[in-house]
>>> print(open('run06.pdb').read())   # PDB, C-alpha atoms
ATOM      1  CA  MET A   1     111.946 -41.938  92.889
ATOM      2  CA  ALA A   2     114.671 -40.109  94.764
ATOM      3  CA  GLU A   3     113.971 -42.241  97.825
ATOM      4  CA  VAL A   4     114.316 -45.443  95.782
ATOM      5  CA  PHE A   5     117.618 -44.186  94.329
ATOM      6  CA  ALA A   6     118.812 -43.436  97.869
ATOM      7  CA  TRP A   7     118.022 -47.024  98.933
ATOM      8  CA  LEU A   8     119.932 -48.485  96.004
ATOM      9  CA  THR A   9     123.019 -46.344  96.556
ATOM     10  CA  ASP A  10     123.234 -46.781 100.333
ATOM     11  CA  TRP A  11     125.209 -50.030 100.135
ATOM     12  CA  PRO A  12     125.858 -50.558 103.871
ATOM     13  CA  ALA A  13     122.160 -50.164 104.699
ATOM     14  CA  LEU A  14     121.153 -52.240 101.669
ATOM     15  CA  TRP A  15     123.479 -55.047 102.744
ATOM     16  CA  HIS A  16     122.233 -55.159 106.340
ATOM     17  CA  SER A  17     118.520 -54.700 105.597
ATOM     18  CA  LEU A  18     118.127 -56.636 102.335
ATOM     19  CA  LEU A  19     121.074 -58.545 100.908
ATOM     20  CA  TRP A  20     122.297 -60.244 104.083
ATOM     21  CA  PRO A  21     118.807 -61.319 105.327
ATOM     22  CA  LEU A  22     117.975 -62.546 101.807
ATOM     23  CA  SER A  23     121.237 -64.504 101.661
ATOM     24  CA  ARG A  24     120.491 -66.147 105.014
ATOM     25  CA  LEU A  25     116.987 -67.044 103.861
ATOM     26  CA  LEU A  26     118.268 -68.577 100.621
ATOM     27  CA  LEU A  27     120.927 -70.564 102.476
ATOM     28  CA  GLY A  28     118.328 -71.882 104.918
ATOM     29  CA  LEU A  29     115.899 -72.828 102.164
ATOM     30  CA  ALA A  30     118.650 -74.424 100.070
ATOM     31  CA  PHE A  31     119.793 -76.459 103.063
ATOM     32  CA  GLY A  32     116.231 -77.589 103.729
ATOM     33  CA  LEU A  33     115.807 -78.578 100.087
ATOM     34  CA  LEU A  34     119.085 -80.503 100.110
ATOM     35  CA  VAL A  35     118.152 -82.360 103.303
ATOM     36  CA  ALA A  36     114.772 -83.320 101.841
ATOM     37  CA  ASN A  37     116.408 -84.599  98.644
ATOM     38  CA  VAL A  38     119.004 -86.613 100.572
ATOM     39  CA  LEU A  39     116.305 -88.204 102.736
ATOM     40  CA  GLU A  40     114.309 -89.075  99.629
ATOM     41  CA  ALA A  41     117.325 -90.486  97.770
ATOM     42  CA  LEU A  42     118.449 -92.617 100.723
ATOM     43  CA  ASN A  43     114.843 -93.767 101.221
ATOM     44  CA  TRP A  44     114.897 -92.541 104.821
ATOM     45  CA  THR A  45     111.525 -90.850 104.389
ATOM     46  CA  ARG A  46     109.929 -94.253 104.952
ATOM     47  CA  GLY A  47     111.575 -94.457 108.359
ATOM     48  CA  LEU A  48     110.400 -90.936 109.205
ATOM     49  CA  ALA A  49     106.906 -91.814 108.021
ATOM     50  CA  ARG A  50     106.792 -94.785 110.394
ATOM     51  CA  LEU A  51     107.490 -92.463 113.355
ATOM     52  CA  ALA A  52     104.265 -90.540 112.752
ATOM     53  CA  ALA A  53     102.373 -93.340 110.985
ATOM     54  CA  PRO A  54      99.649 -93.818 113.657
ATOM     55  CA  LEU A  55      98.768 -90.126 113.680
ATOM     56  CA  ALA A  56      98.945 -89.854 109.877
ATOM     57  CA  ARG A  57      96.707 -92.911 109.482
ATOM     58  CA  ALA A  58      94.259 -91.462 111.990
ATOM     59  CA  ALA A  59      94.097 -88.350 109.793
ATOM     60  CA  HIS A  60      93.674 -90.457 106.603
ATOM     61  CA  MET A  61      96.784 -88.758 105.229
ATOM     62  CA  PRO A  62      99.362 -90.303 102.910
ATOM     63  CA  PRO A  63     102.618 -91.561 104.468
ATOM     64  CA  VAL A  64     104.593 -88.602 103.125
ATOM     65  CA  ALA A  65     102.554 -86.364 105.457
ATOM     66  CA  GLY A  66     103.793 -88.435 108.397
ATOM     67  CA  ALA A  67     107.371 -88.160 107.119
ATOM     68  CA  ALA A  68     107.034 -84.372 106.806
ATOM     69  CA  PHE A  69     105.492 -84.208 110.298
ATOM     70  CA  ALA A  70     108.472 -86.030 111.814
ATOM     71  CA  LEU A  71     110.955 -83.971 109.802
ATOM     72  CA  ALA A  72     109.302 -80.696 110.876
ATOM     73  CA  PHE A  73     110.477 -81.327 114.453
ATOM     74  CA  VAL A  74     114.002 -80.748 113.135
ATOM     75  CA  SER A  75     113.520 -78.458 110.116
ATOM     76  CA  PRO A  76     110.156 -77.022 109.008
ATOM     77  CA  ALA A  77     111.840 -75.848 105.791
ATOM     78  CA  SER A  78     112.928 -79.406 104.996
ATOM     79  CA  ALA A  79     109.388 -80.616 105.710
ATOM     80  CA  ASN A  80     107.989 -78.087 103.232
ATOM     81  CA  ALA A  81     110.624 -79.099 100.693
ATOM     82  CA  LEU A  82     109.608 -82.753 101.095
ATOM     83  CA  LEU A  83     105.926 -81.919 100.574
ATOM     84  CA  SER A  84     106.843 -79.802  97.561
ATOM     85  CA  GLU A  85     108.836 -82.656  96.026
ATOM     86  CA  ARG A  86     105.886 -85.041  96.428
ATOM     87  CA  ARG A  87     103.437 -82.447  95.126
ATOM     88  CA  ASP A  88     105.508 -81.978  91.980
ATOM     89  CA  ALA A  89     105.833 -85.756  91.558
ATOM     90  CA  GLY A  90     102.051 -86.122  91.666
ATOM     91  CA  GLY A  91     102.069 -87.881  95.022
ATOM     92  CA  LEU A  92      99.874 -85.277  96.749
ATOM     93  CA  SER A  93      96.651 -83.607  95.711
ATOM     94  CA  SER A  94      96.005 -79.943  96.512
ATOM     95  CA  GLY A  95      93.763 -80.906  99.422
ATOM     96  CA  GLU A  96      96.279 -83.373 100.818
ATOM     97  CA  LEU A  97      99.030 -80.766 100.542
ATOM     98  CA  MET A  98      96.916 -78.229 102.430
ATOM     99  CA  LEU A  99      96.099 -80.684 105.219
ATOM    100  CA  ALA A 100      99.679 -81.990 105.408
ATOM    101  CA  ASN A 101     100.954 -78.442 105.805
ATOM    102  CA  LEU A 102      98.411 -77.707 108.552
ATOM    103  CA  PHE A 103      99.298 -81.047 110.133
ATOM    104  CA  ASN A 104     102.801 -79.694 110.827
ATOM    105  CA  SER A 105     101.546 -76.901 113.111
ATOM    106  CA  LEU A 106     102.702 -78.618 116.298
ATOM    107  CA  PRO A 107     106.254 -79.632 115.297
ATOM    108  CA  ALA A 108     106.817 -76.316 113.490
ATOM    109  CA  TYR A 109     105.846 -74.426 116.653
ATOM    110  CA  LEU A 110     107.899 -76.676 118.931
ATOM    111  CA  VAL A 111     111.022 -75.769 116.959
ATOM    112  CA  HIS A 112     110.597 -72.146 118.108
ATOM    113  CA  THR A 113     109.203 -72.796 121.608
ATOM    114  CA  PRO A 114     112.558 -72.820 123.473
ATOM    115  CA  ALA A 115     113.567 -69.479 121.930
ATOM    116  CA  ILE A 116     110.193 -67.916 122.757
ATOM    117  CA  PHE A 117     110.318 -69.170 126.332
ATOM    118  CA  LEU A 118     113.904 -67.987 126.858
ATOM    119  CA  LEU A 119     112.873 -64.573 125.538
ATOM    120  CA  THR A 120     109.758 -64.205 127.710
ATOM    121  CA  TRP A 121     110.833 -65.840 130.988
ATOM    122  CA  PRO A 122     113.557 -63.334 132.031
ATOM    123  CA  VAL A 123     111.151 -60.438 131.478
ATOM    124  CA  LEU A 124     107.833 -61.800 132.743
ATOM    125  CA  GLY A 125     108.625 -64.680 135.068
ATOM    126  CA  PHE A 126     105.712 -67.074 135.699
ATOM    127  CA  PRO A 127     103.298 -65.325 133.261
ATOM    128  CA  ALA A 128     105.716 -66.488 130.538
ATOM    129  CA  VAL A 129     104.887 -70.092 131.450
ATOM    130  CA  ILE A 130     101.169 -69.378 131.010
ATOM    131  CA  TYR A 131     101.659 -67.516 127.725
ATOM    132  CA  VAL A 132     103.975 -70.091 126.142
ATOM    133  CA  GLY A 133     101.816 -72.928 127.488
ATOM    134  CA  LEU A 134      98.664 -71.492 125.923
ATOM    135  CA  THR A 135     100.346 -70.894 122.568
ATOM    136  CA  LEU A 136     101.676 -74.468 122.669
ATOM    137  CA  LEU A 137      98.211 -75.783 123.516
ATOM    138  CA  ALA A 138      96.867 -73.833 120.529
ATOM    139  CA  ALA A 139      99.419 -75.589 118.282
ATOM    140  CA  VAL A 140      98.317 -78.967 119.665
ATOM    141  CA  ALA A 141      94.700 -77.996 118.978
ATOM    142  CA  ARG A 142      95.550 -77.047 115.370
ATOM    143  CA  THR A 143      97.165 -80.397 114.678
ATOM    144  CA  GLY A 144      94.310 -82.219 116.429
ATOM    145  CA  PHE A 145      91.734 -80.314 114.384
ATOM    146  CA  THR A 146      93.649 -81.167 111.211
ATOM    147  CA  VAL A 147      93.477 -84.861 112.134
ATOM    148  CA  LEU A 148      89.694 -84.591 112.480
ATOM    149  CA  LEU A 149      89.450 -82.599 109.257
ATOM    150  CA  GLY A 150      91.509 -85.193 107.413
ATOM    151  CA  ARG A 151      89.263 -87.995 108.678
ATOM    152  CA  ALA A 152      86.236 -86.094 107.437
ATOM    153  CA  LEU A 153      87.592 -85.104 104.023
ATOM    154  CA  LEU A 154      90.022 -87.824 102.954
ATOM    155  CA  PRO A 155      89.309 -91.492 102.254
ATOM    156  CA  ALA A 156      90.847 -93.993 104.626
ATOM    157  CA  PRO A 157      94.213 -95.229 103.284
ATOM    158  CA  GLY A 158      94.627 -98.901 102.451
ATOM    159  CA  ALA A 159      96.391-101.217 104.838
ATOM    160  CA  ASP A 160      99.344-101.419 102.463
ATOM    161  CA  ALA A 161      99.651 -97.682 101.892
ATOM    162  CA  ALA A 162     103.213 -96.617 101.318
ATOM    163  CA  LEU A 163     105.155 -93.678 100.024
ATOM    164  CA  PRO A 164     104.723 -93.436  96.254
ATOM    165  CA  ALA A 165     107.754 -94.275  94.196
ATOM    166  CA  PRO A 166     109.832 -91.236  93.276
ATOM    167  CA  LYS A 167     110.386 -90.176  89.703
ATOM    168  CA  GLN A 168     112.779 -92.324  87.728
ATOM    169  CA  GLU A 169     116.270 -90.891  87.615
ATOM    170  CA  PRO A 170     119.029 -91.679  85.126
ATOM    171  CA  GLN A 171     120.776 -94.917  86.002
ATOM    172  CA  GLY A 172     124.140 -94.525  87.678
ATOM    173  CA  LYS A 173     125.949 -95.702  90.751
ATOM    174  CA  THR A 174     124.039 -97.699  93.351
ATOM    175  CA  GLY A 175     124.259 -97.622  97.139
ATOM    176  CA  PRO A 176     124.750 -94.521  99.315
ATOM    177  CA  THR A 177     127.101 -92.875  96.823
ATOM    178  CA  GLY A 178     124.619 -93.221  93.984
ATOM    179  CA  ALA A 179     121.786 -92.012  96.223
ATOM    180  CA  LEU A 180     123.741 -88.906  97.202
ATOM    181  CA  GLU A 181     124.567 -88.204  93.562
ATOM    182  CA  LYS A 182     120.871 -88.534  92.717
ATOM    183  CA  ALA A 183     120.013 -86.120  95.568
ATOM    184  CA  TRP A 184     122.576 -83.646  94.257
ATOM    185  CA  ARG A 185     121.116 -83.820  90.737
ATOM    186  CA  ARG A 186     117.612 -83.135  92.082
ATOM    187  CA  PHE A 187     118.931 -80.315  94.249
ATOM    188  CA  ARG A 188     120.651 -78.617  91.316
ATOM    189  CA  ARG A 189     117.484 -78.968  89.233
ATOM    190  CA  ARG A 190     115.262 -77.402  91.920
ATOM    191  CA  LEU A 191     117.643 -74.725  93.202
ATOM    192  CA  PRO A 192     117.241 -72.283  90.255
ATOM    193  CA  ARG A 193     113.466 -72.379  90.654
ATOM    194  CA  LEU A 194     113.787 -71.777  94.390
ATOM    195  CA  VAL A 195     116.013 -68.735  93.798
ATOM    196  CA  ALA A 196     113.904 -67.460  90.879
ATOM    197  CA  PHE A 197     110.737 -67.335  93.005
ATOM    198  CA  THR A 198     112.183 -66.426  96.408
ATOM    199  CA  VAL A 199     114.371 -63.472  95.425
ATOM    200  CA  PRO A 200     111.767 -61.313  93.635
ATOM    201  CA  VAL A 201     109.084 -62.064  96.235
ATOM    202  CA  TYR A 202     111.464 -61.153  99.064
ATOM    203  CA  ILE A 203     112.485 -57.936  97.305
ATOM    204  CA  LEU A 204     108.809 -57.075  96.766
ATOM    205  CA  MET A 205     108.088 -57.603 100.471
ATOM    206  CA  TYR A 206     111.123 -55.472 101.343
ATOM    207  CA  ALA A 207     109.994 -52.674  99.017
ATOM    208  CA  LEU A 208     106.473 -52.723 100.465
ATOM    209  CA  GLN A 209     107.944 -52.509 103.937
ATOM    210  CA  ARG A 210     110.221 -49.583 103.016
ATOM    211  CA  LEU A 211     107.312 -47.794 101.339
ATOM    212  CA  GLY A 212     105.314 -48.111 104.552
ATOM    213  CA  ALA A 213     102.630 -50.511 103.335
ATOM    214  CA  PHE A 214     102.931 -52.847 106.301
ATOM    215  CA  ALA A 215     103.295 -49.968 108.750
ATOM    216  CA  ALA A 216     100.097 -48.412 107.361
ATOM    217  CA  LEU A 217      98.247 -51.718 107.711
ATOM    218  CA  GLU A 218      99.499 -52.156 111.269
ATOM    219  CA  ALA A 219      98.525 -48.559 112.121
ATOM    220  CA  TRP A 220      95.039 -49.121 110.698
ATOM    221  CA  LEU A 221      94.615 -52.259 112.763
ATOM    222  CA  ALA A 222      95.935 -50.506 115.859
ATOM    223  CA  GLY A 223      93.436 -47.692 115.348
ATOM    224  CA  HIS A 224      90.449 -50.039 115.233
ATOM    225  CA  MET A 225      90.661 -51.604 118.666
ATOM    226  CA  ASP A 226      87.403 -50.462 120.221
ATOM    227  CA  TRP A 227      86.432 -54.097 120.650
ATOM    228  CA  LEU A 228      89.295 -54.486 123.152
ATOM    229  CA  ALA A 229      87.400 -52.557 125.816
ATOM    230  CA  PHE A 230      87.588 -55.602 128.084
ATOM    231  CA  LEU A 231      91.338 -54.935 128.463
ATOM    232  CA  LYS A 232      92.972 -52.189 130.483
ATOM    233  CA  PRO A 233      94.265 -49.207 128.441
ATOM    234  CA  GLN A 234      97.850 -50.131 129.358
ATOM    235  CA  ALA A 235      97.290 -53.579 127.868
ATOM    236  CA  VAL A 236      96.158 -52.010 124.592
ATOM    237  CA  GLY A 237      99.491 -50.159 124.564
ATOM    238  CA  VAL A 238     101.327 -53.488 124.733
ATOM    239  CA  ILE A 239      99.269 -54.740 121.771
ATOM    240  CA  VAL A 240     100.088 -51.619 119.757
ATOM    241  CA  LEU A 241     103.788 -52.253 120.396
ATOM    242  CA  HIS A 242     103.267 -55.761 119.058
ATOM    243  CA  PHE A 243     102.293 -54.085 115.766
ATOM    244  CA  ALA A 244     104.871 -51.311 115.733
ATOM    245  CA  ALA A 245     107.864 -53.436 116.733
ATOM    246  CA  GLU A 246     108.895 -57.005 117.363
ATOM    247  CA  LEU A 247     107.884 -59.120 120.349
ATOM    248  CA  GLY A 248     110.828 -57.790 122.381
ATOM    249  CA  ALA A 249     109.391 -54.261 122.572
ATOM    250  CA  ALA A 250     105.991 -55.549 123.687
ATOM    251  CA  LEU A 251     107.659 -57.765 126.278
ATOM    252  CA  GLY A 252     109.684 -54.847 127.591
ATOM    253  CA  ALA A 253     106.585 -52.722 128.040
ATOM    254  CA  ALA A 254     104.632 -55.606 129.568
ATOM    255  CA  GLY A 255     107.445 -56.397 131.994
ATOM    256  CA  SER A 256     107.711 -52.770 133.067
ATOM    257  CA  LEU A 257     103.956 -52.463 133.642
ATOM    258  CA  LEU A 258     103.895 -55.767 135.501
ATOM    259  CA  GLU A 259     106.739 -54.672 137.769
ATOM    260  CA  ALA A 260     105.117 -51.287 138.459
ATOM    261  CA  GLY A 261     101.720 -52.830 139.169
ATOM    262  CA  GLY A 262     100.030 -51.216 136.186
ATOM    263  CA  LEU A 263      99.068 -54.626 134.852
ATOM    264  CA  SER A 264      98.387 -57.916 136.584
ATOM    265  CA  ALA A 265      99.827 -61.206 135.348
ATOM    266  CA  ARG A 266      96.420 -61.976 133.817
ATOM    267  CA  ASP A 267      96.360 -58.638 131.957
ATOM    268  CA  VAL A 268      99.853 -59.229 130.592
ATOM    269  CA  VAL A 269      99.017 -62.709 129.314
ATOM    270  CA  LEU A 270      95.793 -61.485 127.668
ATOM    271  CA  ALA A 271      97.612 -58.558 126.043
ATOM    272  CA  LEU A 272     100.328 -60.811 124.618
ATOM    273  CA  LEU A 273      97.793 -63.345 123.371
ATOM    274  CA  VAL A 274      95.712 -60.683 121.611
ATOM    275  CA  GLY A 275      98.854 -59.060 120.220
ATOM    276  CA  ASN A 276      99.959 -62.444 118.898
ATOM    277  CA  ILE A 277      96.625 -62.957 117.137
ATOM    278  CA  LEU A 278      96.597 -59.536 115.499
ATOM    279  CA  SER A 279     100.240 -58.987 114.579
ATOM    280  CA  THR A 280     101.396 -62.406 113.394
ATOM    281  CA  PRO A 281      99.363 -62.613 110.142
ATOM    282  CA  VAL A 282     100.938 -59.420 108.777
ATOM    283  CA  ARG A 283     104.412 -60.651 109.651
ATOM    284  CA  ALA A 284     103.650 -64.069 108.234
ATOM    285  CA  ILE A 285     102.887 -62.571 104.814
ATOM    286  CA  ARG A 286     106.005 -60.434 105.050
ATOM    287  CA  HIS A 287     108.417 -63.161 106.179
ATOM    288  CA  GLN A 288     106.883 -66.532 105.279
ATOM    289  CA  PHE A 289     105.655 -65.772 101.769
ATOM    290  CA  PRO A 290     109.154 -65.530 100.230
ATOM    291  CA  ALA A 291     110.111 -68.837 101.893
ATOM    292  CA  TYR A 292     106.944 -70.635 100.808
ATOM    293  CA  ALA A 293     107.188 -69.218  97.271
ATOM    294  CA  GLY A 294     110.560 -70.925  96.943
ATOM    295  CA  PHE A 295     108.942 -74.362  97.331
ATOM    296  CA  PHE A 296     105.385 -73.876  96.062
ATOM    297  CA  ARG A 297     103.790 -71.900  93.251
ATOM    298  CA  PRO A 298     103.059 -68.320  94.454
ATOM    299  CA  ALA A 299      99.266 -68.730  94.430
ATOM    300  CA  GLU A 300      99.581 -72.072  96.210
ATOM    301  CA  ALA A 301     102.054 -70.605  98.705
ATOM    302  CA  LEU A 302      99.618 -67.789  99.496
ATOM    303  CA  ARG A 303      96.757 -70.260 100.013
ATOM    304  CA  LEU A 304      98.868 -72.339 102.389
ATOM    305  CA  ILE A 305      99.909 -69.295 104.414
ATOM    306  CA  LEU A 306      96.353 -67.937 104.613
ATOM    307  CA  ALA A 307      95.025 -71.315 105.716
ATOM    308  CA  ASN A 308      97.783 -71.639 108.310
ATOM    309  CA  GLN A 309      97.223 -68.154 109.658
ATOM    310  CA  GLY A 310      93.441 -68.504 109.670
ATOM    311  CA  LEU A 311      93.628 -71.698 111.691
ATOM    312  CA  ARG A 312      96.321 -70.238 113.944
ATOM    313  CA  ALA A 313      94.223 -67.131 114.650
ATOM    314  CA  ALA A 314      91.153 -69.255 115.406
ATOM    315  CA  SER A 315      93.058 -71.532 117.788
ATOM    316  CA  MET A 316      94.712 -68.574 119.540
ATOM    317  CA  ALA A 317      91.356 -66.791 119.861
ATOM    318  CA  LEU A 318      89.920 -69.942 121.440
ATOM    319  CA  MET A 319      92.800 -70.107 123.952
ATOM    320  CA  THR A 320      92.447 -66.389 124.729
ATOM    321  CA  TRP A 321      88.689 -66.658 125.244
ATOM    322  CA  GLY A 322      89.109 -69.730 127.448
ATOM    323  CA  TYR A 323      91.810 -68.063 129.547
ATOM    324  CA  TYR A 324      89.696 -64.905 129.874
ATOM    325  CA  LEU A 325      86.683 -66.878 131.082
ATOM    326  CA  CYS A 326      88.707 -69.051 133.479
ATOM    327  CA  THR A 327      90.429 -66.066 135.114
ATOM    328  CA  ARG A 328      87.482 -63.678 135.219
ATOM    329  CA  THR A 329      86.481 -62.682 138.728
TER     330      THR A 329
END
>>> encode(input="run06.pdb", output="structure tokens")
Amino acid sequence: MAEVFAWLTDWPALWHSLLWPLSRLLLGLAFGLLVANVLEALNWTRGLARLAAPLARAAHMPPVAGAAFALAFVSPASANALLSERRDAGGLSSGELMLANLFNSLPAYLVHTPAIFLLTWPVLGFPAVIYVGLTLLAAVARTGFTVLLGRALLPAPGADAALPAPKQEPQGKTGPTGALEKAWRRFRRRLPRLVAFTVPVYILMYALQRLGAFAALEAWLAGHMDWLAFLKPQAVGVIVLHFAAELGAALGAAGSLLEAGGLSARDVVLALLVGNILSTPVRAIRHQFPAYAGFFRPAEALRLILANQGLRAASMALMTWGYYLCTRT
């Protein structure tokens, strides 16, 4: 209890560790929601849907999935907001929502690829190309698998399939001005719900982190790595750093070992791939759940995250196994 009181009274630390990150998250989610509403109101989602229409049709997905796919190249949050709007309007079933969210694996990853490459290249050099290339190939595989899954599970759309009509809004001005006013009305209606779900979930994740729940889970995972005997001991150290800190710490250790000759380029790539598989799910629950809960019901948000992370782990494990086999001497 005393520790909790100390957190609440340490305003500088509380601002930097909780209030400011939460404010940035809310601003990002609100912006994504506003963009999605503007695109809907101006009817631009149809144009976005046409960009990804061939791939969406191949996956037997509704046009809104293609629109979200195209939008995810610019803003994954806006893509989730668009899917949420259609889900609430009855334009997507639970299965279609799940597949549409998985469908966005490639564009959502591409948004972060430049930052990941610019972080890894100065430290690792050419091994960074291999690592980023394999993670990108895993994202392509996830989207490709989702296309096949959609073809197997969803009925083929009709030739005249189109985005379902949005909910009727009160009559007002027409043209761009009226559309923007309609988008603003929708935004104001959805914003309280977004804040009401995101804030408590984020605070819960923060409290669990401060209480050591995530650190304990990461320590438990780090202590059960006997199955990594195929890696050098130094490589296991890089993986442990992936748990204990962010990617930067693992990269620093990997770069140092690579420079000193303790690890080969192959060892470094394998260590980073395995560390990515094991550490990302914990961080996804910690960081993504508050964002998803702002757009989807908490149980639905958790299902989407678990499905995303399960498919991501499977695709990354496949890339790691393939790279291990191809480079084994």
>>> resolve_selection(input="run06.pdb", expression="the PyMOL selection byres ((chain A and resi 104) around 12)", output="JSON, numbers by chain")
{"A": [52, 55, 56, 64, 65, 66, 67, 68, 69, 70, 71, 72, 73, 74, 75, 76, 77, 78, 79, 80, 83, 97, 98, 99, 100, 101, 102, 103, 105, 106, 107, 108, 109, 110, 111, 139, 140, 141, 142, 143, 144, 145, 146, 147, 304, 308, 312]}
>>> residues_near_point(input="run06.pdb", point="(118.3, -58.5, 101.0)", cutoff="12 Å", atoms="all atoms listed in the file", output="VMD selection string")
chain A and resid 7 to 8 11 to 26 198 to 207 290
>>> closest_residue(input="run06.pdb", among="A:Ala254, A:Ala291, A:Ala138, A:Leu92", to="A:Met319", atoms="all atoms listed in the file")
A:Ala138
>>> closest_residue(input="run06.pdb", among="A:Gln288, A:Pro127, A:Ser94, A:Phe197", to="A:Ser264", atoms="all atoms listed in the file")
A:Pro127
>>> atom_distance(input="run06.pdb", atom1="atom CA of A:Leu208", atom2="atom CA of A:Val282")
12.0 Å
>>> atom_distance(input="run06.pdb", atom1="atom CA of A:Pro155", atom2="atom CA of A:Gly90")
17.4 Å
>>> resolve_selection(input="run06.pdb", expression="the PyMOL selection byres ((chain A and resi 118-120) around 12)", output="NGL selection string")
:A and (112-117 or 121-133 or 246-255 or 268-269 or 272)
>>> write_last_selection(input="run06.pdb", atoms="C-alpha atoms", output="mmCIF file, keeping the file's coordinate frame")
data_model
loop_
_atom_site.group_PDB
_atom_site.id
_atom_site.type_symbol
_atom_site.label_atom_id
_atom_site.label_comp_id
_atom_site.auth_asym_id
_atom_site.auth_seq_id
_atom_site.Cartn_x
_atom_site.Cartn_y
_atom_site.Cartn_z
ATOM 1 C CA HIS A 112 110.597 -72.146 118.108
ATOM 2 C CA THR A 113 109.203 -72.796 121.608
ATOM 3 C CA PRO A 114 112.558 -72.820 123.473
ATOM 4 C CA ALA A 115 113.567 -69.479 121.930
ATOM 5 C CA ILE A 116 110.193 -67.916 122.757
ATOM 6 C CA PHE A 117 110.318 -69.170 126.332
ATOM 7 C CA TRP A 121 110.833 -65.840 130.988
ATOM 8 C CA PRO A 122 113.557 -63.334 132.031
ATOM 9 C CA VAL A 123 111.151 -60.438 131.478
ATOM 10 C CA LEU A 124 107.833 -61.800 132.743
ATOM 11 C CA GLY A 125 108.625 -64.680 135.068
ATOM 12 C CA PHE A 126 105.712 -67.074 135.699
ATOM 13 C CA PRO A 127 103.298 -65.325 133.261
ATOM 14 C CA ALA A 128 105.716 -66.488 130.538
ATOM 15 C CA VAL A 129 104.887 -70.092 131.450
ATOM 16 C CA ILE A 130 101.169 -69.378 131.010
ATOM 17 C CA TYR A 131 101.659 -67.516 127.725
ATOM 18 C CA VAL A 132 103.975 -70.091 126.142
ATOM 19 C CA GLY A 133 101.816 -72.928 127.488
ATOM 20 C CA GLU A 246 108.895 -57.005 117.363
ATOM 21 C CA LEU A 247 107.884 -59.120 120.349
ATOM 22 C CA GLY A 248 110.828 -57.790 122.381
ATOM 23 C CA ALA A 249 109.391 -54.261 122.572
ATOM 24 C CA ALA A 250 105.991 -55.549 123.687
ATOM 25 C CA LEU A 251 107.659 -57.765 126.278
ATOM 26 C CA GLY A 252 109.684 -54.847 127.591
ATOM 27 C CA ALA A 253 106.585 -52.722 128.040
ATOM 28 C CA ALA A 254 104.632 -55.606 129.568
ATOM 29 C CA GLY A 255 107.445 -56.397 131.994
ATOM 30 C CA VAL A 268 99.853 -59.229 130.592
ATOM 31 C CA VAL A 269 99.017 -62.709 129.314
ATOM 32 C CA LEU A 272 100.328 -60.811 124.618
#
>>> closest_residue(input="run06.pdb", among="A:Gly261, A:Gly32, A:Pro62, A:Gly310", to="A:Arg151", atoms="all atoms listed in the file")
A:Pro62
>>> residues_around(input="run06.pdb", residues="A:Leu153", least_positions_apart="2", cutoff="10 Å", atoms="only C-alpha atoms", output="list in words")
Ala59, His60, Met61, Gly95, Glu96, Leu99, Leu148, Leu149, Gly150, Arg151, Pro155 and Ala156 of chain A
>>> closest_residue(input="run06.pdb", among="A:Leu136, A:Ala293, A:Leu154, A:Ala183", to="A:Leu273", atoms="only C-alpha atoms")
A:Leu136
>>> resolve_selection(input="run06.pdb", expression="the PyMOL selection byres ((chain A and resi 34) around 10)", output="PyMOL selection string")
chain A and resi 28-33+35-40+78+81-82+183-184+186-188+190-191
>>> axis_aligned_box(input="run06.pdb", around="stretch 262-268 of chain A", padding_each_side="8 Å", output="AutoDock Vina command-line options")
--center_x 98.2 --center_y -56.6 --center_z 133.6 --size_x 19.7 --size_y 26.8 --size_z 22.0
>>> atom_distance(input="run06.pdb", atom1="atom CA of A:Trp321", atom2="atom CA of A:Leu270")
9.1 Å
